[in-house]
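Here's upload.pdb, which has PDB, C-alpha atoms:
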```pdb
ATOM      1  CA  MET A   1      -2.121 -18.571  16.428
ATOM      2  CA  ASN A   2       1.579 -17.688  16.372
ATOM      3  CA  VAL A   3       3.386 -14.980  18.340
ATOM      4  CA  ILE A   4       2.955 -12.260  15.700
ATOM      5  CA  GLN A   5      -0.780 -12.856  15.531
ATOM      6  CA  GLN A   6      -1.031 -12.901  19.331
ATOM      7  CA  ASN A   7       0.846  -9.608  19.537
ATOM      8  CA  ILE A   8      -1.493  -7.954  17.045
ATOM      9  CA  GLU A   9      -4.544  -9.150  18.940
ATOM     10  CA  TYR A  10      -3.112  -7.844  22.212
ATOM     11  CA  ILE A  11      -2.407  -4.393  20.750
ATOM     12  CA  ARG A  12      -5.824  -4.196  19.117
ATOM     13  CA  GLN A  13      -7.445  -4.870  22.471
ATOM     14  CA  SER A  14      -5.422  -2.033  24.019
ATOM     15  CA  ILE A  15      -6.322   0.709  21.526
ATOM     16  CA  PRO A  16      -9.659   2.495  21.222
ATOM     17  CA  THR A  17     -11.944   2.481  18.223
ATOM     18  CA  GLY A  18     -10.804   5.072  15.733
ATOM     19  CA  VAL A  19      -7.083   4.482  16.198
ATOM     20  CA  THR A  20      -5.460   2.806  13.189
ATOM     21  CA  LEU A  21      -2.676   0.280  13.719
ATOM     22  CA  VAL A  22       0.218   0.521  11.251
ATOM     23  CA  ALA A  23       2.368  -2.600  11.565
ATOM     24  CA  VAL A  24       5.942  -1.438  10.979
ATOM     25  CA  SER A  25       7.476  -4.237   8.937
ATOM     26  CA  LYS A  26      10.796  -2.595   8.025
ATOM     27  CA  THR A  27      13.659  -5.143   7.920
ATOM     28  CA  LYS A  28      11.165  -7.971   8.489
ATOM     29  CA  PRO A  29      10.718 -10.813   5.983
ATOM     30  CA  VAL A  30       7.630 -11.324   3.859
ATOM     31  CA  ALA A  31       6.827 -14.465   5.872
ATOM     32  CA  ASP A  32       6.319 -12.324   8.992
ATOM     33  CA  ILE A  33       4.072  -9.914   7.097
ATOM     34  CA  LYS A  34       1.943 -12.809   5.881
ATOM     35  CA  GLU A  35       1.568 -14.046   9.460
ATOM     36  CA  ALA A  36       0.329 -10.602  10.435
ATOM     37  CA  MET A  37      -2.083 -10.655   7.518
ATOM     38  CA  LYS A  38      -3.561 -13.874   8.878
ATOM     39  CA  ALA A  39      -4.562 -11.846  11.941
ATOM     40  CA  GLY A  40      -6.374  -9.406   9.679
ATOM     41  CA  GLN A  41      -3.645  -6.764   9.543
ATOM     42  CA  GLN A  42      -3.681  -4.940   6.203
ATOM     43  CA  ILE A  43      -1.660  -1.765   6.850
ATOM     44  CA  PHE A  44       2.129  -2.005   6.917
ATOM     45  CA  GLY A  45       4.765   0.697   7.324
ATOM     46  CA  GLU A  46       8.169   0.730   5.661
ATOM     47  CA  ASN A  47      10.958   3.299   5.937
ATOM     48  CA  LYS A  48      12.946   2.465   2.786
ATOM     49  CA  VAL A  49      11.457   2.873  -0.667
ATOM     50  CA  GLN A  50      13.206  -0.084  -2.305
ATOM     51  CA  GLU A  51      12.228  -2.452   0.498
ATOM     52  CA  LEU A  52       8.597  -1.335   0.269
ATOM     53  CA  VAL A  53       8.526  -1.803  -3.496
ATOM     54  CA  VAL A  54      10.047  -5.301  -3.338
ATOM     55  CA  LYS A  55       7.574  -6.409  -0.678
ATOM     56  CA  ALA A  56       4.616  -4.842  -2.492
ATOM     57  CA  LYS A  57       5.469  -6.793  -5.631
ATOM     58  CA  GLU A  58       5.975 -10.048  -3.742
ATOM     59  CA  ILE A  59       2.777  -9.724  -1.701
ATOM     60  CA  ASN A  60       0.306  -9.395  -4.529
ATOM     61  CA  GLU A  61      -2.687  -8.924  -2.233
ATOM     62  CA  PRO A  62      -4.776  -5.913  -1.135
ATOM     63  CA  VAL A  63      -2.280  -4.554   1.407
ATOM     64  CA  LYS A  64      -1.987  -0.837   2.191
ATOM     65  CA  TRP A  65       1.655   0.261   2.259
ATOM     66  CA  HIS A  66       2.590   3.335   4.264
ATOM     67  CA  MET A  67       5.892   5.137   3.747
ATOM     68  CA  ILE A  68       6.988   6.218   7.217
ATOM     69  CA  GLY A  69      10.696   6.982   6.715
ATOM     70  CA  HIS A  70      12.648   9.861   5.253
ATOM     71  CA  LEU A  71      11.783  10.140   1.555
ATOM     72  CA  GLN A  72      14.350  11.386  -0.933
ATOM     73  CA  THR A  73      12.977  13.205  -3.968
ATOM     74  CA  ASN A  74      14.801  10.892  -6.388
ATOM     75  CA  LYS A  75      12.908   7.886  -4.953
ATOM     76  CA  VAL A  76       9.406   9.352  -5.284
ATOM     77  CA  LYS A  77       8.742   8.026  -8.802
ATOM     78  CA  LEU A  78       9.596   4.477  -7.710
ATOM     79  CA  LEU A  79       7.380   4.682  -4.630
ATOM     80  CA  LEU A  80       4.132   6.179  -5.899
ATOM     81  CA  PRO A  81       2.648   3.199  -7.775
ATOM     82  CA  HIS A  82       2.658   1.176  -4.549
ATOM     83  CA  VAL A  83       2.075   3.552  -1.642
ATOM     84  CA  HIS A  84      -1.258   4.198   0.079
ATOM     85  CA  LEU A  85      -0.137   6.969   2.450
ATOM     86  CA  ILE A  86       3.117   8.923   2.831
ATOM     87  CA  HIS A  87       3.679   9.961   6.464
ATOM     88  CA  SER A  88       6.910  11.849   5.896
ATOM     89  CA  VAL A  89       6.363  14.940   3.753
ATOM     90  CA  GLU A  90       8.809  17.323   5.426
ATOM     91  CA  SER A  91       9.425  20.042   2.833
ATOM     92  CA  PHE A  92       7.611  22.025   0.177
ATOM     93  CA  LYS A  93      10.144  20.744  -2.347
ATOM     94  CA  LEU A  94       9.167  17.143  -1.583
ATOM     95  CA  ALA A  95       5.461  17.979  -1.787
ATOM     96  CA  ARG A  96       5.985  19.485  -5.252
ATOM     97  CA  VAL A  97       7.892  16.425  -6.478
ATOM     98  CA  ILE A  98       5.233  14.033  -5.170
ATOM     99  CA  ASN A  99       2.545  16.115  -6.870
ATOM    100  CA  ALA A 100       4.400  16.194 -10.194
ATOM    101  CA  GLU A 101       5.098  12.457 -10.231
ATOM    102  CA  ALA A 102       1.540  11.642  -9.131
ATOM    103  CA  GLU A 103       0.143  13.755 -11.965
ATOM    104  CA  LYS A 104       2.205  11.760 -14.468
ATOM    105  CA  ILE A 105       0.574   8.479 -13.397
ATOM    106  CA  GLY A 106      -2.890   9.908 -12.799
ATOM    107  CA  LYS A 107      -2.983   9.354  -9.041
ATOM    108  CA  ILE A 108      -3.859  11.491  -6.046
ATOM    109  CA  ILE A 109      -1.481  10.649  -3.197
ATOM    110  CA  PRO A 110      -2.608  10.965   0.434
ATOM    111  CA  CYS A 111       0.145  12.523   2.573
ATOM    112  CA  LEU A 112       0.886  13.607   6.118
ATOM    113  CA  LEU A 113       3.045  16.610   6.918
ATOM    114  CA  GLN A 114       5.895  15.539   9.190
ATOM    115  CA  ILE A 115       6.501  17.941  12.068
ATOM    116  CA  HIS A 116       9.779  18.027  13.981
ATOM    117  CA  ILE A 117       8.738  17.715  17.631
ATOM    118  CA  ALA A 118      11.738  15.861  19.098
ATOM    119  CA  GLN A 119      14.854  17.207  20.775
ATOM    120  CA  GLU A 120      17.115  15.240  18.415
ATOM    121  CA  GLU A 121      18.287  17.349  15.495
ATOM    122  CA  THR A 122      18.769  14.205  13.405
ATOM    123  CA  LYS A 123      15.022  13.723  13.007
ATOM    124  CA  PHE A 124      13.261  15.290  10.051
ATOM    125  CA  GLY A 125      10.214  17.488   9.791
ATOM    126  CA  PHE A 126       8.824  21.003   9.488
ATOM    127  CA  SER A 127       9.064  23.416  12.375
ATOM    128  CA  GLU A 128       5.801  25.150  13.237
ATOM    129  CA  GLU A 129       7.036  28.291  11.518
ATOM    130  CA  GLU A 130       8.028  26.402   8.379
ATOM    131  CA  VAL A 131       4.720  24.603   7.967
ATOM    132  CA  LEU A 132       2.767  27.824   8.538
ATOM    133  CA  SER A 133       4.891  29.572   5.918
ATOM    134  CA  MET A 134       4.204  26.823   3.392
ATOM    135  CA  LEU A 135       0.470  26.911   4.044
ATOM    136  CA  GLN A 136       0.422  30.632   3.292
ATOM    137  CA  LEU A 137       1.829  30.092  -0.202
ATOM    138  CA  PRO A 138      -0.771  30.163  -3.003
ATOM    139  CA  GLU A 139       1.386  27.654  -4.900
ATOM    140  CA  PHE A 140       0.781  25.043  -2.210
ATOM    141  CA  TYR A 141      -2.928  24.977  -3.051
ATOM    142  CA  SER A 142      -2.186  24.418  -6.727
ATOM    143  CA  LEU A 143      -0.849  20.934  -5.894
ATOM    144  CA  LYS A 144      -3.903  18.983  -7.011
ATOM    145  CA  ASN A 145      -2.371  15.485  -6.978
ATOM    146  CA  ILE A 146      -1.659  15.326  -3.268
ATOM    147  CA  GLU A 147      -4.122  15.340  -0.403
ATOM    148  CA  VAL A 148      -2.953  16.412   3.046
ATOM    149  CA  HIS A 149      -4.620  14.009   5.460
ATOM    150  CA  GLY A 150      -3.003  15.308   8.639
ATOM    151  CA  LEU A 151       0.267  15.411  10.563
ATOM    152  CA  MET A 152       2.955  12.983  11.705
ATOM    153  CA  GLY A 153       5.567  13.365  14.410
ATOM    154  CA  MET A 154       8.246  11.331  16.188
ATOM    155  CA  ALA A 155       8.873  12.058  19.852
ATOM    156  CA  THR A 156      12.263  12.259  21.510
ATOM    157  CA  TYR A 157      13.784   8.842  22.242
ATOM    158  CA  THR A 158      13.915   9.057  26.018
ATOM    159  CA  ASP A 159      12.786   7.341  29.201
ATOM    160  CA  GLU A 160      11.317  10.645  30.407
ATOM    161  CA  MET A 161       7.705  10.152  29.421
ATOM    162  CA  SER A 162       6.820  13.681  30.536
ATOM    163  CA  VAL A 163       8.958  14.940  27.640
ATOM    164  CA  VAL A 164       7.189  12.628  25.200
ATOM    165  CA  ARG A 165       3.749  13.667  26.462
ATOM    166  CA  LYS A 166       4.604  17.344  26.054
ATOM    167  CA  GLU A 167       5.743  16.778  22.470
ATOM    168  CA  PHE A 168       2.617  14.825  21.558
ATOM    169  CA  ALA A 169       0.427  17.486  23.172
ATOM    170  CA  PHE A 170       2.174  20.142  21.071
ATOM    171  CA  LEU A 171       1.572  18.146  17.890
ATOM    172  CA  ARG A 172      -2.108  17.737  18.745
ATOM    173  CA  MET A 173      -2.361  21.489  19.379
ATOM    174  CA  LEU A 174      -0.726  22.231  16.026
ATOM    175  CA  PHE A 175      -3.036  19.764  14.286
ATOM    176  CA  GLU A 176      -6.086  21.578  15.689
ATOM    177  CA  LYS A 177      -4.623  24.955  14.739
ATOM    178  CA  LEU A 178      -4.002  23.903  11.130
ATOM    179  CA  LYS A 179      -7.381  22.219  10.883
ATOM    180  CA  THR A 180      -9.118  25.392  12.024
ATOM    181  CA  ASN A 181      -7.093  27.882  10.009
ATOM    182  CA  TYR A 182      -6.159  26.027   6.817
ATOM    183  CA  PHE A 183      -8.072  22.766   6.408
ATOM    184  CA  ARG A 184     -11.498  23.527   7.846
ATOM    185  CA  ASP A 185     -13.250  22.586   4.612
ATOM    186  CA  ASN A 186     -11.057  19.550   3.865
ATOM    187  CA  PRO A 187     -12.784  16.422   5.198
ATOM    188  CA  TRP A 188      -9.691  14.252   4.723
ATOM    189  CA  PHE A 189      -7.551  16.314   7.153
ATOM    190  CA  LYS A 190      -8.227  14.094  10.161
ATOM    191  CA  GLU A 191      -5.164  11.908  10.810
ATOM    192  CA  LEU A 192      -2.598  12.413  13.553
ATOM    193  CA  SER A 193       0.168   9.817  13.260
ATOM    194  CA  MET A 194       2.104   9.662  16.509
ATOM    195  CA  GLY A 195       3.091   6.891  18.873
ATOM    196  CA  MET A 196       5.339   3.869  18.478
ATOM    197  CA  SER A 197       6.028   0.702  20.475
ATOM    198  CA  ASN A 198       7.496   2.492  23.490
ATOM    199  CA  ASP A 199       5.090   5.428  23.709
ATOM    200  CA  TYR A 200       1.840   4.597  21.895
ATOM    201  CA  ARG A 201      -0.256   4.605  25.076
ATOM    202  CA  ILE A 202       0.777   8.205  25.762
ATOM    203  CA  ALA A 203       0.014   9.072  22.138
ATOM    204  CA  ILE A 204      -3.478   7.623  22.577
ATOM    205  CA  ASP A 205      -3.990   9.789  25.661
ATOM    206  CA  GLU A 206      -2.940  12.816  23.607
ATOM    207  CA  GLY A 207      -5.299  12.138  20.708
ATOM    208  CA  THR A 208      -3.457  10.114  18.083
ATOM    209  CA  THR A 209      -5.485   8.489  15.315
ATOM    210  CA  MET A 210      -2.666   6.314  13.941
ATOM    211  CA  ILE A 211       0.064   4.392  15.782
ATOM    212  CA  ARG A 212       3.164   2.875  14.184
ATOM    213  CA  ILE A 213       4.100  -0.363  15.961
ATOM    214  CA  GLY A 214       7.048  -2.562  14.996
ATOM    215  CA  SER A 215       8.949  -4.364  17.751
ATOM    216  CA  LEU A 216       5.838  -5.119  19.838
ATOM    217  CA  ILE A 217       4.476  -7.046  16.847
ATOM    218  CA  PHE A 218       7.493  -8.508  15.073
ATOM    219  CA  GLY A 219      10.183  -8.456  17.750
ATOM    220  CA  GLU A 220      13.339  -6.396  17.744
ATOM    221  CA  ARG A 221      14.625  -4.947  14.491
ATOM    222  CA  ASN A 222      17.124  -6.822  12.341
ATOM    223  CA  TYR A 223      19.914  -4.241  12.337
ATOM    224  CA  LYS A 224      22.089  -6.156   9.858
ATOM    225  CA  GLN A 225      19.255  -5.944   7.361
ATOM    226  CA  THR A 226      18.868  -2.245   8.107
ATOM    227  CA  GLU A 227      22.470  -1.558   7.179
ATOM    228  CA  GLN A 228      22.231  -3.160   3.753
TER
END
```

What do you get writing this file as C-alpha cells?
Amino acid sequence: MNVIQQNIEYIRQSIPTGVTLVAVSKTKPVADIKEAMKAGQQIFGENKVQELVVKAKEINEPVKWHMIGHLQTNKVKLLLPHVHLIHSVESFKLARVINAEAEKIGKIIPCLLQIHIAQEETKFGFSEEEVLSMLQLPEFYSLKNIEVHGLMGMATYTDEMSVVRKEFAFLRMLFEKLKTNYFRDNPWFKELSMGMSNDYRIAIDEGTTMIRIGSLIFGERNYKQTEQ
C-alpha cells in the first residue's frame, strides 16, 4: 500500500458514516488518481473544466467526477457529459445555462448551490439574500434538467478556527432553513459540502455530509501545473 492509499485509509477511519470523501485531484497526474482508486476511492474533485474532461477521457472507468471550482458559463457544454455533481452553482444565470445544456443532451445534472461564507471577497457564491431571492422566482422551478442536492461553502483561509466554525455553523443553519422552506418535498436536497484538508474535522462537527480533501491525500498542490 503506497502513501496515497495509506492517506485515504487514515481519513476514512477519521470520518463518520454518512460523510462522503471527495478526493481533490486538481493538478495531480492520472497515476496518482489510479493509486487512489486502488484504495477504493471513486469520487474525485477538479476545479478546472478542461483538466476534468482530459482525466475523465483518460480514466475510462466508473469514476464520479465532481466540479468543485468556479464554473464559467462558456465551459458548461464541455463539462456536462462527464460530471456527476457540480458543487459551484453560484448564480441564477449559471443555473439556467446548466439546465439548457443538460436538456440538449438529455441529462439531469445534480448541483449544489455555492454560498459565500468566507471573509475573502475573492471567493464566489450566493449571499443569503441572493439565494433566497432566486428561490422565490417561479422561473427557478421551471429548470427541470438540474436537481439541487444541497449547499457548498468554503470557509475563510485562517488559523482562527473559531472563525471557520462560525462560518460552517451559519452554512448548516442556512441549509436547514432552505430545506424547511423550499426543499421540504425534495428527497435529494440532503448534501452539505464543507470542509477541506485544514478544517474538515470542524466541518464534521458542524454537520457536513461531504468533505473535499486534496493535500492530505495527494500531498501539496503542484502550483506550476495550476498556472498553466

Output check: residues returned by the PyMOL selection byres ((chain A and resi 44) around 10), as a ChimeraX atom specification: /A:21-26,33,36-37,41-43,45-46,52,63-68,84,212-214

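Using the PyMOL selection byres ((chain A and resi 178) around 10) on the file at hand returns these residues: Val131, Leu132, Leu135, Gly150, Leu151, Arg172, Met173, Leu174, Phe175, Glu176, Lys177, Lys179, Thr180, Asn181, Tyr182, Phe183, Arg184 and Phe189 of chain A.
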
Nearest-residue call for Gly125 in chain A, choices A:Phe170, A:Trp188, A:Tyr200, A:Phe92, using only C-alpha atoms: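 Counting only C-alpha atoms, the residue closest to Gly125 in chain A is A:Phe92.
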
As JSON, please report the centre and edge lengths, rounded to one decimal in Å, of the axis-aligned box that holds all listed atoms of range 79-82 of chain A with 5 Å of padding on each of the six sides.
```
{"center_x": 5.0, "center_y": 3.7, "center_z": -6.2, "size_x": 14.7, "size_y": 15.0, "size_z": 13.2}
```

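Nearest to Lys93 in chain A of all the residues A:Ile4, A:Leu71, A:Val30, A:Ile117 is A:Leu71, based on all atoms listed in the file.
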
Pick out the residues sitting within 10 Å of Asp205 in chain A, and hand them over as a short mmCIF file (atom, residue, chain, number, x, y, z; two decimals) with C-alpha atoms, in the frame of the given file; count all atoms listed in the file, and ignore anything fewer than 2 positions along from it in its own chain.
```cif
data_model
loop_
_atom_site.label_atom_id
_atom_site.label_comp_id
_atom_site.auth_asym_id
_atom_site.auth_seq_id
_atom_site.Cartn_x
_atom_site.Cartn_y
_atom_site.Cartn_z
CA ARG A 165 3.75 13.67 26.46
CA PHE A 168 2.62 14.82 21.56
CA ALA A 169 0.43 17.49 23.17
CA TYR A 200 1.84 4.60 21.90
CA ARG A 201 -0.26 4.61 25.08
CA ILE A 202 0.78 8.20 25.76
CA ALA A 203 0.01 9.07 22.14
CA GLY A 207 -5.30 12.14 20.71
CA THR A 208 -3.46 10.11 18.08
#
```

Which residue of A:Ile217, A:Ile204, A:Ala39, A:Ala102 approaches Ile15 in chain A most closely, using only C-alpha atoms: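 Looking only at the distances to Ile15 in chain A, the closest residue turns out to be A:Ile204.
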
Minimum-distance residue to Glu101 in chain A, chosen among A:Val164, A:Leu78, A:Ile86, A:Ala118 (using only C-alpha atoms): A:Leu78

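The two atoms in question, CA of Phe140 in chain A and CA of Val19 in chain A, are spaced 28.7 Å apart.
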
Coordinates-based distance that separates CA of Thr209 in chain A from CA of Ser197 in chain A (Å, one decimal): 14.8 Å

Would you mind listing, for every residue of range 120-191 of chain A within 8 Å of range 107-112 of chain A, the two atoms forming the shortest contact and the distance between them in Å to one decimal, using all atoms listed in the file, sorted by chain and ascending residue number, as a tab-separated table?
```
residue	atom	partner	partner_atom	distance
A:Lys144	CA	A:Ile108	CA	7.6
A:Asn145	CA	A:Ile108	CA	4.4
A:Ile146	CA	A:Ile109	CA	4.7
A:Glu147	CA	A:Pro110	CA	4.7
A:Val148	CA	A:Cys111	CA	5.0
A:His149	CA	A:Leu112	CA	5.6
A:Gly150	CA	A:Leu112	CA	4.9
A:Leu151	CA	A:Leu112	CA	4.8
A:Met152	CA	A:Leu112	CA	6.0
A:Glu191	CA	A:Leu112	CA	7.8
```

Pick from A:Ser133, A:Ser193, A:Ala100, A:Lys34 nearest to Ser88 in chain A, counting all atoms listed in the file: A:Ser193

Result set, the PyMOL selection byres ((chain A and resi 6) around 12) on current file, as a VMD selection string: chain A and resid 1 to 5 7 to 13 35 to 36 38 to 41 216 to 218

Atomic distance CA of Gly195 in chain A - CA of Met210 in chain A, expressed in Å with one decimal: 7.6 Å

Neighbour list for Thr158 in chain A as a PyMOL selection string, cut-off 12 Å, all atoms listed in the file, skip fewer than 3 positions in-chain: chain A and resi 118-120+154-155+161-165+167+198-199

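Remark: for Leu192 in chain A, the closest of the candidate residues A:Asn74, A:Ser14, A:Thr20, A:Thr156 is A:Thr20 (distances computed over all atoms listed in the file).
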